[in-house]
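Shown below: work_38.pdb, with PDB, C-alpha atoms.
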```
MODEL        1
ATOM      1  CA  MET A 298      50.887-226.206-129.856
ATOM      2  CA  LYS A 299      53.760-224.102-131.140
ATOM      3  CA  PRO A 300      52.800-220.834-132.827
ATOM      4  CA  VAL A 301      52.902-220.734-136.609
ATOM      5  CA  ILE A 302      55.833-218.850-138.117
ATOM      6  CA  ALA A 303      54.729-216.747-141.090
ATOM      7  CA  ASP A 304      57.346-216.342-143.799
ATOM      8  CA  GLY A 305      57.414-213.072-145.720
ATOM      9  CA  SER A 306      57.837-214.899-149.025
ATOM     10  CA  ASP A 307      54.356-216.421-148.534
ATOM     11  CA  TYR A 308      52.940-212.903-148.788
ATOM     12  CA  TYR A 309      55.051-211.152-151.409
ATOM     13  CA  GLY A 310      56.787-214.087-153.138
ATOM     14  CA  GLN A 311      60.383-215.247-153.244
ATOM     15  CA  THR A 312      61.488-212.472-155.592
ATOM     16  CA  GLY A 313      58.628-209.998-155.075
ATOM     17  CA  PHE A 314      58.896-206.521-153.634
ATOM     18  CA  PRO A 315      58.967-207.007-149.827
ATOM     19  CA  LEU A 316      55.745-205.159-149.062
ATOM     20  CA  MET A 317      52.124-206.272-149.026
ATOM     21  CA  VAL A 318      48.887-204.727-147.770
ATOM     22  CA  GLY A 319      46.163-207.042-146.494
ATOM     23  CA  ARG A 320      42.734-206.683-144.887
ATOM     24  CA  SER A 321      41.078-208.907-142.326
ATOM     25  CA  ARG A 322      37.395-208.965-141.437
ATOM     26  CA  ILE A 323      35.284-211.415-139.448
ATOM     27  CA  LEU A 324      34.782-214.420-141.688
ATOM     28  CA  LYS A 325      33.571-217.945-141.023
ATOM     29  CA  THR A 326      36.643-219.220-142.811
ATOM     30  CA  PRO A 327      40.026-217.513-143.320
ATOM     31  CA  ALA A 328      40.260-215.229-146.342
ATOM     32  CA  SER A 329      43.276-217.230-147.543
ATOM     33  CA  SER A 330      45.818-219.757-146.344
ATOM     34  CA  THR A 331      48.022-216.879-145.225
ATOM     35  CA  ASP A 332      45.287-215.230-143.119
ATOM     36  CA  LEU A 333      46.535-216.002-139.619
ATOM     37  CA  THR A 334      44.496-213.313-137.859
ATOM     38  CA  GLU A 335      42.974-215.723-135.315
ATOM     39  CA  VAL A 336      45.901-218.177-135.208
ATOM     40  CA  GLU A 337      48.781-217.654-132.797
ATOM     41  CA  HIS A 338      51.779-216.833-134.964
ATOM     42  CA  SER A 339      54.944-214.814-135.366
ATOM     43  CA  HIS A 340      56.689-213.672-138.524
ATOM     44  CA  ASP A 341      60.038-212.671-139.998
ATOM     45  CA  PHE A 342      58.896-209.220-141.137
ATOM     46  CA  CYS A 343      57.340-206.089-139.666
ATOM     47  CA  GLU A 344      53.571-205.673-139.615
ATOM     48  CA  LEU A 345      52.017-202.241-139.213
ATOM     49  CA  VAL A 346      48.474-202.855-137.958
ATOM     50  CA  ILE A 347      45.720-200.262-138.439
ATOM     51  CA  VAL A 348      42.378-200.945-136.742
ATOM     52  CA  ALA A 349      39.930-199.644-139.359
ATOM     53  CA  GLN A 350      36.719-200.370-137.435
ATOM     54  CA  GLY A 351      35.252-202.364-134.565
ATOM     55  CA  ASN A 352      37.050-203.676-131.515
ATOM     56  CA  GLY A 353      38.481-206.829-130.024
ATOM     57  CA  LEU A 354      41.377-208.281-128.101
ATOM     58  CA  HIS A 355      44.941-208.614-129.304
ATOM     59  CA  TYR A 356      46.894-211.439-127.677
ATOM     60  CA  LEU A 357      50.544-210.422-127.642
ATOM     61  CA  GLU A 358      53.312-212.305-125.854
ATOM     62  CA  GLY A 359      51.062-213.561-123.041
ATOM     63  CA  MET A 360      48.845-210.467-122.676
ATOM     64  CA  ASP A 361      45.372-209.634-123.938
ATOM     65  CA  LEU A 362      45.303-205.999-125.041
ATOM     66  CA  PRO A 363      42.002-204.313-125.984
ATOM     67  CA  ILE A 364      42.030-202.636-129.398
ATOM     68  CA  THR A 365      39.542-200.336-131.073
ATOM     69  CA  ALA A 366      39.087-198.385-134.300
ATOM     70  CA  GLY A 367      41.877-195.851-134.740
ATOM     71  CA  ASP A 368      44.581-197.835-132.956
ATOM     72  CA  VAL A 369      47.821-198.208-134.909
ATOM     73  CA  PHE A 370      50.835-200.226-133.783
ATOM     74  CA  LEU A 371      53.911-201.949-135.146
ATOM     75  CA  LEU A 372      54.558-205.663-134.696
ATOM     76  CA  GLN A 373      58.198-206.581-135.046
ATOM     77  CA  GLY A 374      59.437-210.000-136.104
ATOM     78  CA  ARG A 375      59.116-213.024-133.808
ATOM     79  CA  GLN A 376      56.434-211.539-131.561
ATOM     80  CA  ARG A 377      53.741-214.152-130.867
ATOM     81  CA  HIS A 378      50.270-212.739-131.366
ATOM     82  CA  TYR A 379      46.723-213.180-132.692
ATOM     83  CA  PHE A 380      43.348-211.430-132.502
ATOM     84  CA  HIS A 381      40.185-212.751-130.828
ATOM     85  CA  ASP A 382      36.804-211.717-129.422
ATOM     86  CA  ARG A 383      36.398-209.609-132.516
ATOM     87  CA  LYS A 384      33.318-207.374-132.791
ATOM     88  CA  ASN A 385      32.940-205.951-136.283
ATOM     89  CA  LEU A 386      36.727-205.776-136.281
ATOM     90  CA  GLU A 387      38.457-204.828-139.511
ATOM     91  CA  LEU A 388      42.237-204.674-139.660
ATOM     92  CA  VAL A 389      44.543-203.303-142.327
ATOM     93  CA  SER A 390      48.036-204.792-142.190
ATOM     94  CA  VAL A 391      51.039-203.311-143.970
ATOM     95  CA  MET A 392      53.610-206.113-144.039
ATOM     96  CA  TYR A 393      57.140-205.164-145.008
ATOM     97  CA  ASP A 394      60.785-206.070-144.527
ATOM     98  CA  PRO A 395      62.645-202.892-143.482
ATOM     99  CA  ASP A 396      66.036-204.482-144.221
ATOM    100  CA  LYS A 397      65.137-205.230-147.843
ATOM    101  CA  ILE A 398      62.978-202.271-148.750
ATOM    102  CA  GLU A 399      65.787-199.716-148.242
ATOM    103  CA  LEU A 400      63.955-197.096-146.211
ATOM    104  CA  PRO A 401      65.841-193.834-145.473
ATOM    105  CA  GLU A 402      66.422-194.840-141.862
ATOM    106  CA  ASN A 403      68.739-191.909-141.108
ATOM    107  CA  ASP A 404      66.092-189.396-142.158
ATOM    108  CA  LEU A 405      63.302-191.251-140.383
ATOM    109  CA  ARG A 406      65.217-191.362-137.101
ATOM    110  CA  SER A 407      65.549-187.587-137.190
ATOM    111  CA  MET A 408      61.812-187.455-136.303
ATOM    112  CA  PRO A 409      61.083-187.916-132.574
ATOM    113  CA  GLY A 410      57.678-189.386-133.432
ATOM    114  CA  TYR A 411      59.260-192.094-135.581
ATOM    115  CA  CYS A 412      61.765-192.980-132.868
ATOM    116  CA  ALA A 413      59.005-193.136-130.273
ATOM    117  CA  MET A 414      56.443-195.111-132.285
ATOM    118  CA  PHE A 415      58.592-197.402-134.418
ATOM    119  CA  LEU A 416      61.654-197.954-132.196
ATOM    120  CA  LEU A 417      60.559-197.457-128.589
ATOM    121  CA  GLU A 418      56.831-198.243-128.311
ATOM    122  CA  PRO A 419      57.136-201.928-129.346
ATOM    123  CA  THR A 420      59.684-202.406-126.554
ATOM    124  CA  TYR A 421      57.615-200.616-123.904
ATOM    125  CA  ARG A 422      54.171-201.869-124.989
ATOM    126  CA  LYS A 423      53.989-204.588-122.358
ATOM    127  CA  GLN A 424      55.239-202.367-119.536
ATOM    128  CA  HIS A 425      52.821-199.596-120.526
ATOM    129  CA  ARG A 426      49.876-201.975-120.955
ATOM    130  CA  PHE A 427      49.458-200.576-124.482
ATOM    131  CA  ALA A 428      48.823-197.035-123.179
ATOM    132  CA  SER A 429      51.666-195.708-125.372
ATOM    133  CA  ARG A 430      50.045-196.866-128.623
ATOM    134  CA  LEU A 431      49.019-194.421-131.330
ATOM    135  CA  HIS A 432      45.289-193.738-131.480
ATOM    136  CA  LEU A 433      44.080-191.771-134.498
ATOM    137  CA  LYS A 434      41.124-189.425-134.622
ATOM    138  CA  ARG A 435      38.490-190.029-137.312
ATOM    139  CA  ILE A 436      39.938-187.599-139.859
ATOM    140  CA  GLN A 437      43.444-188.929-139.278
ATOM    141  CA  LEU A 438      42.231-192.515-139.656
ATOM    142  CA  ALA A 439      40.492-191.628-142.927
ATOM    143  CA  LYS A 440      43.757-190.174-144.257
ATOM    144  CA  VAL A 441      45.711-193.281-143.277
ATOM    145  CA  LEU A 442      43.147-195.615-144.832
ATOM    146  CA  ALA A 443      43.252-193.585-148.053
ATOM    147  CA  ILE A 444      47.022-194.130-148.229
ATOM    148  CA  THR A 445      46.722-197.870-147.541
ATOM    149  CA  ASP A 446      43.954-198.161-150.157
ATOM    150  CA  GLU A 447      46.355-196.769-152.744
ATOM    151  CA  MET A 448      49.069-199.138-151.561
ATOM    152  CA  GLU A 449      46.703-202.105-151.780
ATOM    153  CA  ARG A 450      45.790-201.199-155.349
ATOM    154  CA  GLU A 451      49.458-200.992-156.298
ATOM    155  CA  CYS A 452      50.063-204.410-154.733
ATOM    156  CA  ASN A 453      47.165-205.988-156.629
ATOM    157  CA  GLU A 454      47.564-204.338-160.027
ATOM    158  CA  LYS A 455      51.326-204.888-160.324
ATOM    159  CA  THR A 456      51.775-202.184-162.939
ATOM    160  CA  PRO A 457      55.233-200.910-163.980
ATOM    161  CA  GLY A 458      56.707-198.632-161.346
ATOM    162  CA  ARG A 459      54.797-200.271-158.488
ATOM    163  CA  GLU A 460      57.975-200.682-156.413
ATOM    164  CA  VAL A 461      58.717-196.964-156.675
ATOM    165  CA  MET A 462      55.142-196.061-155.779
ATOM    166  CA  LEU A 463      54.924-198.528-152.885
ATOM    167  CA  ARG A 464      58.187-197.355-151.359
ATOM    168  CA  ALA A 465      57.048-193.733-151.636
ATOM    169  CA  LYS A 466      53.634-194.518-150.141
ATOM    170  CA  LEU A 467      55.175-196.467-147.265
ATOM    171  CA  GLN A 468      57.411-193.512-146.463
ATOM    172  CA  GLU A 469      54.402-191.178-146.646
ATOM    173  CA  LEU A 470      52.471-193.466-144.294
ATOM    174  CA  ILE A 471      55.305-193.797-141.793
ATOM    175  CA  THR A 472      55.925-190.046-141.815
ATOM    176  CA  TYR A 473      52.238-189.238-141.318
ATOM    177  CA  LEU A 474      51.962-191.690-138.408
ATOM    178  CA  SER A 475      55.188-190.392-136.861
ATOM    179  CA  ARG A 476      53.842-186.841-136.916
ATOM    180  CA  ALA A 477      50.503-188.003-135.506
ATOM    181  CA  TYR A 478      52.299-189.779-132.661
ATOM    182  CA  THR A 479      53.783-186.485-131.449
ATOM    183  CA  GLN A 480      50.226-185.264-130.764
ATOM    184  CA  GLY A 481      49.588-188.009-128.193
ATOM    185  CA  ASN A 482      49.088-186.729-124.658
ATOM    186  CA  SER A 483      49.249-189.845-122.475
ATOM    187  CA  THR A 484      51.977-189.958-119.857
ATOM    188  CA  GLU A 485      53.458-193.068-121.477
ATOM    189  CA  THR A 486      53.464-191.520-124.955
ATOM    190  CA  GLN A 487      55.132-188.361-123.718
ATOM    191  CA  ALA A 488      57.851-190.395-121.966
ATOM    192  CA  LEU A 489      58.697-192.203-125.207
ATOM    193  CA  LEU A 490      58.638-188.940-127.153
ATOM    194  CA  ARG A 491      61.191-187.440-124.799
ATOM    195  CA  VAL A 492      63.582-190.299-125.485
ATOM    196  CA  GLY A 493      62.673-190.063-129.177
ATOM    197  CA  GLU A 494      63.670-186.399-129.019
ATOM    198  CA  VAL A 495      67.119-187.446-127.794
ATOM    199  CA  ILE A 496      67.576-189.884-130.689
ATOM    200  CA  GLY A 497      66.254-187.346-133.196
ATOM    201  CA  THR A 498      68.630-184.704-131.823
ATOM    202  CA  MET A 499      71.572-187.052-132.260
ATOM    203  CA  GLU A 500      70.576-187.864-135.834
ATOM    204  CA  ASN A 501      70.194-184.187-136.715
ATOM    205  CA  ASP A 502      73.423-182.965-135.073
ATOM    206  CA  PHE A 503      75.643-185.999-134.526
ATOM    207  CA  SER A 504      78.945-184.087-134.719
ATOM    208  CA  LYS A 505      78.226-181.817-131.738
ATOM    209  CA  ASP A 506      80.205-182.414-128.541
ATOM    210  CA  TRP A 507      77.270-183.935-126.655
ATOM    211  CA  LYS A 508      77.387-184.958-123.004
ATOM    212  CA  LEU A 509      75.038-187.230-121.084
ATOM    213  CA  ASP A 510      73.851-184.167-119.139
ATOM    214  CA  ASP A 511      72.701-182.609-122.423
ATOM    215  CA  PHE A 512      70.628-185.655-123.333
ATOM    216  CA  ALA A 513      69.101-185.858-119.858
ATOM    217  CA  ALA A 514      68.066-182.202-120.139
ATOM    218  CA  ILE A 515      66.473-182.808-123.558
ATOM    219  CA  ALA A 516      64.540-185.808-122.204
ATOM    220  CA  HIS A 517      63.618-184.027-118.946
ATOM    221  CA  MET A 518      64.883-187.081-117.077
ATOM    222  CA  SER A 519      67.581-187.816-114.567
ATOM    223  CA  LYS A 520      70.723-189.306-116.055
ATOM    224  CA  ASN A 521      70.081-192.641-114.353
ATOM    225  CA  ASN A 522      66.493-192.834-115.617
ATOM    226  CA  LEU A 523      67.520-191.873-119.145
ATOM    227  CA  LEU A 524      70.243-194.528-119.143
ATOM    228  CA  LYS A 525      67.756-197.160-117.999
ATOM    229  CA  VAL A 526      65.056-196.261-120.539
ATOM    230  CA  PHE A 527      67.459-195.720-123.429
ATOM    231  CA  ARG A 528      69.318-198.968-122.859
ATOM    232  CA  LYS A 529      66.100-200.969-122.618
ATOM    233  CA  ALA A 530      64.887-199.507-125.904
ATOM    234  CA  THR A 531      68.116-199.675-127.925
ATOM    235  CA  ASN A 532      70.403-202.078-126.014
ATOM    236  CA  GLN A 533      72.933-199.231-125.931
ATOM    237  CA  SER A 534      73.721-196.242-123.761
ATOM    238  CA  PRO A 535      73.086-192.801-125.304
ATOM    239  CA  ILE A 536      76.816-192.181-125.677
ATOM    240  CA  ASP A 537      77.440-195.556-127.333
ATOM    241  CA  TYR A 538      74.467-194.950-129.659
ATOM    242  CA  LEU A 539      75.990-191.601-130.623
ATOM    243  CA  MET A 540      79.391-193.202-131.182
ATOM    244  CA  ARG A 541      77.949-195.839-133.513
ATOM    245  CA  LEU A 542      75.945-193.181-135.343
ATOM    246  CA  ARG A 543      79.140-191.203-135.955
ATOM    247  CA  ILE A 544      80.928-194.315-137.169
ATOM    248  CA  GLN A 545      78.043-195.077-139.528
ATOM    249  CA  ARG A 546      78.275-191.564-140.992
ATOM    250  CA  ALA A 547      82.051-191.953-141.266
ATOM    251  CA  MET A 548      81.589-195.199-143.203
ATOM    252  CA  GLU A 549      79.333-193.372-145.651
ATOM    253  CA  LEU A 550      81.902-190.605-146.143
ATOM    254  CA  LEU A 551      84.730-193.101-146.601
ATOM    255  CA  HIS A 552      82.723-194.815-149.308
ATOM    256  CA  GLN A 553      81.223-191.791-151.042
ATOM    257  CA  THR A 554      83.881-189.051-150.804
ATOM    258  CA  GLU A 555      87.600-188.444-151.149
ATOM    259  CA  TYR A 556      87.960-186.640-147.823
ATOM    260  CA  SER A 557      91.031-187.633-145.846
ATOM    261  CA  ILE A 558      90.572-189.761-142.739
ATOM    262  CA  THR A 559      91.448-186.766-140.562
ATOM    263  CA  GLU A 560      88.846-184.617-142.327
ATOM    264  CA  ILE A 561      86.207-187.332-141.878
ATOM    265  CA  ALA A 562      87.097-187.646-138.197
ATOM    266  CA  PHE A 563      86.431-183.940-137.643
ATOM    267  CA  LYS A 564      83.285-183.930-139.782
ATOM    268  CA  THR A 565      81.774-186.736-137.690
ATOM    269  CA  GLY A 566      82.474-185.219-134.292
ATOM    270  CA  PHE A 567      85.900-186.628-133.388
ATOM    271  CA  ASN A 568      88.526-184.137-132.261
ATOM    272  CA  ASP A 569      91.371-186.651-132.540
ATOM    273  CA  SER A 570      91.944-188.771-135.657
ATOM    274  CA  ASN A 571      93.801-191.425-133.631
ATOM    275  CA  TYR A 572      90.827-191.769-131.276
ATOM    276  CA  PHE A 573      88.545-191.940-134.315
ATOM    277  CA  THR A 574      90.627-194.775-135.765
ATOM    278  CA  ARG A 575      90.507-196.723-132.490
ATOM    279  CA  GLN A 576      86.742-196.356-132.194
ATOM    280  CA  PHE A 577      86.226-197.212-135.863
ATOM    281  CA  ARG A 578      88.276-200.398-135.452
ATOM    282  CA  ARG A 579      86.314-201.311-132.310
ATOM    283  CA  VAL A 580      82.948-200.961-134.043
ATOM    284  CA  VAL A 581      83.743-202.081-137.589
ATOM    285  CA  GLY A 582      86.559-204.533-136.916
ATOM    286  CA  MET A 583      89.124-202.804-139.149
ATOM    287  CA  PRO A 584      90.755-199.360-139.418
ATOM    288  CA  PRO A 585      89.102-196.746-141.674
ATOM    289  CA  SER A 586      91.919-196.945-144.244
ATOM    290  CA  GLN A 587      91.296-200.660-144.780
ATOM    291  CA  PHE A 588      87.528-200.115-144.934
ATOM    292  CA  ARG A 589      87.982-197.479-147.639
ATOM    293  CA  ARG A 590      90.211-199.769-149.732
ATOM    294  CA  GLN A 591      87.579-202.491-149.608
ATOM    295  CA  GLN A 592      84.947-200.107-150.976
ATOM    296  CA  HIS A 593      86.894-199.474-154.200
TER     297      HIS A 593
ENDMDL
END
```

Entire entry expressed as structure tokens:
Amino acid sequence: MKPVIADGSDYYGQTGFPLMVGRSRILKTPASSTDLTEVEHSHDFCELVIVAQGNGLHYLEGMDLPITAGDVFLLQGRQRHYFHDRKNLELVSVMYDPDKIELPENDLRSMPGYCAMFLLEPTYRKQHRFASRLHLKRIQLAKVLAITDEMERECNEKTPGREVMLRAKLQELITYLSRAYTQGNSTETQALLRVGEVIGTMENDFSKDWKLDDFAAIAHMSKNNLLKVFRKATNQSPIDYLMRLRIQRAMELLHQTEYSITEIAFKTGFNDSNYFTRQFRRVVGMPPSQFRRQQH
């Protein structure tokens, strides 16, 4: 049997705000038609799973991974999964579409914990046998559940301003979890944090004349190992990631400011405006002058 594909619109509606908080407990029958907890499925949105209590097994892409109260992990779209052998298991799921909810991705990526937990850990989960997951202590879990309780109320009450509140609460939740992730001490967690530190460093100082040796030193890895880990996680080399980050910032400046193309080139880390133009055309498909005209 093919796994069910869950559509985000089934949870937050065709025109609803793309975020919903749901709870799942052991029930003889599903809580609703959209409760796919024990049914193999994938979905077209992100699901942040918080294990509130109990334990069980999480089937994910051919593996059974044990989970227990305090575990928190992100499920990205199209990952086949379900939960089984549940013992007093209660899950809180924050379902959201990051492309539609307009999160401040640039600011979030400046945090090594965010890069490690939300960008790298889902990719390395299978290789690490789930050892790189976030596991919260009791006080931390209570804080997280308090935030999700508020989010759930906002989802259910649908009062004016709920979109503003939900977006703010989601950012608070992600930031809290990202900070908590940096406190993890497993070997696998620390490895992801080192790569997350590289990405965060780029985001915070993208115009610096970085070299691969610099990034390897930050990650405390050999250049070859960093290249392997970084490419697996991002499908790019560190230098290509940095180049695309600079181009992204240049696109923002072209759209939002009146700086000349030469000034933007220097502000985004390019020492040669002609080289900047060539790289911009390679990434964007048009020169910066044409891109700017299209924005006005």

| task | Take the PyMOL selection byres ((chain A and resi 501) around 12), apply it to the structure above, and return the hits as a PyMOL selection string. | result | chain A and resi 403-409+494-500+502-505+539+542-543+546+565

| field | Residue neighbourhood stretch 390-393 of chain A, 7 Å, only C-alpha atoms, exclusion window fewer than 2 positions, as a ChimeraX atom specification | value | /A:315-320,342-347,388,395

| field | Nearest to A:Leu362 by atom-to-atom distance, counting only C-alpha atoms, from A:Phe415, A:Phe577, A:Tyr379, A:Tyr538 | value |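 Nearest candidate to A:Leu362 out of A:Phe415, A:Phe577, A:Tyr379, A:Tyr538: A:Tyr379.
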
All file atoms of stretch 463-472 of chain A boxed axis-aligned, 4 Å per side, centre plus edges, as AutoDock Vina command-line options:
```
--center_x 55.3 --center_y -194.3 --center_z -147.3 --size_x 13.7 --size_y 16.5 --size_z 19.1
```

| field | Long-range neighbours of A:Cys452 as an NGL selection string, 9 Å cut-off, only C-alpha atoms, 3 positions minimum in chain | value | :A and (316-318 or 447-449 or 455-456 or 459-460 or 463)

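Comparing A:Asn532, A:Thr554, A:Gln350, A:Ser339 by their smallest distance to A:Ala439, the closest is A:Gln350 (using all atoms listed in the file).
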
| message | Quick check, in Å to one decimal: how far apart do atom CA of A:Ser475 and atom CA of A:Leu550 lie? | response |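 Separation between atom CA of A:Ser475 and atom CA of A:Leu550: 28.3 Å.
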
| said: Taking only C-alpha atoms into account, name the residue in A:Met540, A:Asp510, A:Leu551, A:Ile471 that is nearest to A:Phe588. | reply: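 So, comparing all the options, the nearest one is A:Leu551.
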
Please output stretch 525-549 of chain A, rebuilt to include N, CA and C atoms, as an mmCIF file, in the coordinates of the input.
```cif
data_model
loop_
_atom_site.group_PDB
_atom_site.id
_atom_site.type_symbol
_atom_site.label_atom_id
_atom_site.label_comp_id
_atom_site.auth_asym_id
_atom_site.auth_seq_id
_atom_site.Cartn_x
_atom_site.Cartn_y
_atom_site.Cartn_z
ATOM 1 N N LYS A 525 68.570 -195.954 -118.132
ATOM 2 C CA LYS A 525 67.756 -197.160 -117.999
ATOM 3 C C LYS A 525 66.779 -197.299 -119.162
ATOM 4 N N VAL A 526 66.056 -196.224 -119.472
ATOM 5 C CA VAL A 526 65.056 -196.261 -120.539
ATOM 6 C C VAL A 526 65.721 -196.433 -121.894
ATOM 7 N N PHE A 527 66.779 -195.688 -122.137
ATOM 8 C CA PHE A 527 67.459 -195.720 -123.429
ATOM 9 C C PHE A 527 68.064 -197.094 -123.688
ATOM 10 N N ARG A 528 68.686 -197.664 -122.666
ATOM 11 C CA ARG A 528 69.318 -198.968 -122.859
ATOM 12 C C ARG A 528 68.271 -200.061 -123.090
ATOM 13 N N LYS A 529 67.153 -199.964 -122.411
ATOM 14 C CA LYS A 529 66.100 -200.969 -122.618
ATOM 15 C C LYS A 529 65.570 -200.903 -124.047
ATOM 16 N N ALA A 530 65.458 -199.684 -124.572
ATOM 17 C CA ALA A 530 64.887 -199.507 -125.904
ATOM 18 C C ALA A 530 65.858 -199.833 -127.020
ATOM 19 N N THR A 531 67.147 -199.558 -126.830
ATOM 20 C CA THR A 531 68.116 -199.675 -127.925
ATOM 21 C C THR A 531 69.236 -200.668 -127.656
ATOM 22 N N ASN A 532 69.307 -201.203 -126.433
ATOM 23 C CA ASN A 532 70.403 -202.078 -126.014
ATOM 24 C C ASN A 532 71.751 -201.358 -126.018
ATOM 25 N N GLN A 533 71.713 -200.037 -125.973
ATOM 26 C CA GLN A 533 72.933 -199.231 -125.931
ATOM 27 C C GLN A 533 72.720 -198.058 -124.981
ATOM 28 N N SER A 534 73.810 -197.501 -124.493
ATOM 29 C CA SER A 534 73.721 -196.242 -123.761
ATOM 30 C C SER A 534 73.609 -195.108 -124.772
ATOM 31 N N PRO A 535 73.144 -193.923 -124.360
ATOM 32 C CA PRO A 535 73.086 -192.801 -125.304
ATOM 33 C C PRO A 535 74.435 -192.474 -125.935
ATOM 34 N N ILE A 536 75.492 -192.529 -125.149
ATOM 35 C CA ILE A 536 76.816 -192.181 -125.677
ATOM 36 C C ILE A 536 77.292 -193.239 -126.676
ATOM 37 N N ASP A 537 77.035 -194.512 -126.396
ATOM 38 C CA ASP A 537 77.440 -195.556 -127.333
ATOM 39 C C ASP A 537 76.604 -195.476 -128.608
ATOM 40 N N TYR A 538 75.322 -195.134 -128.472
ATOM 41 C CA TYR A 538 74.467 -194.950 -129.659
ATOM 42 C C TYR A 538 75.038 -193.834 -130.527
ATOM 43 N N LEU A 539 75.418 -192.732 -129.893
ATOM 44 C CA LEU A 539 75.990 -191.601 -130.623
ATOM 45 C C LEU A 539 77.289 -191.997 -131.303
ATOM 46 N N MET A 540 78.125 -192.765 -130.607
ATOM 47 C CA MET A 540 79.391 -193.202 -131.182
ATOM 48 C C MET A 540 79.157 -194.048 -132.434
ATOM 49 N N ARG A 541 78.232 -194.973 -132.359
ATOM 50 C CA ARG A 541 77.949 -195.839 -133.513
ATOM 51 C C ARG A 541 77.318 -195.051 -134.651
ATOM 52 N N LEU A 542 76.518 -194.048 -134.314
ATOM 53 C CA LEU A 542 75.945 -193.181 -135.343
ATOM 54 C C LEU A 542 77.057 -192.435 -136.071
ATOM 55 N N ARG A 543 78.018 -191.915 -135.335
ATOM 56 C CA ARG A 543 79.140 -191.203 -135.955
ATOM 57 C C ARG A 543 79.966 -192.137 -136.842
ATOM 58 N N ILE A 544 80.166 -193.354 -136.368
ATOM 59 C CA ILE A 544 80.928 -194.315 -137.169
ATOM 60 C C ILE A 544 80.177 -194.662 -138.445
ATOM 61 N N GLN A 545 78.860 -194.800 -138.337
ATOM 62 C CA GLN A 545 78.043 -195.077 -139.528
ATOM 63 C C GLN A 545 78.195 -193.955 -140.548
ATOM 64 N N ARG A 546 78.118 -192.700 -140.083
ATOM 65 C CA ARG A 546 78.275 -191.564 -140.992
ATOM 66 C C ARG A 546 79.688 -191.546 -141.580
ATOM 67 N N ALA A 547 80.673 -191.902 -140.770
ATOM 68 C CA ALA A 547 82.051 -191.953 -141.266
ATOM 69 C C ALA A 547 82.204 -193.007 -142.354
ATOM 70 N N MET A 548 81.547 -194.147 -142.183
ATOM 71 C CA MET A 548 81.589 -195.199 -143.203
ATOM 72 C C MET A 548 81.014 -194.693 -144.521
ATOM 73 N N GLU A 549 79.934 -193.923 -144.434
ATOM 74 C CA GLU A 549 79.333 -193.372 -145.651
ATOM 75 C C GLU A 549 80.288 -192.409 -146.342
#
```
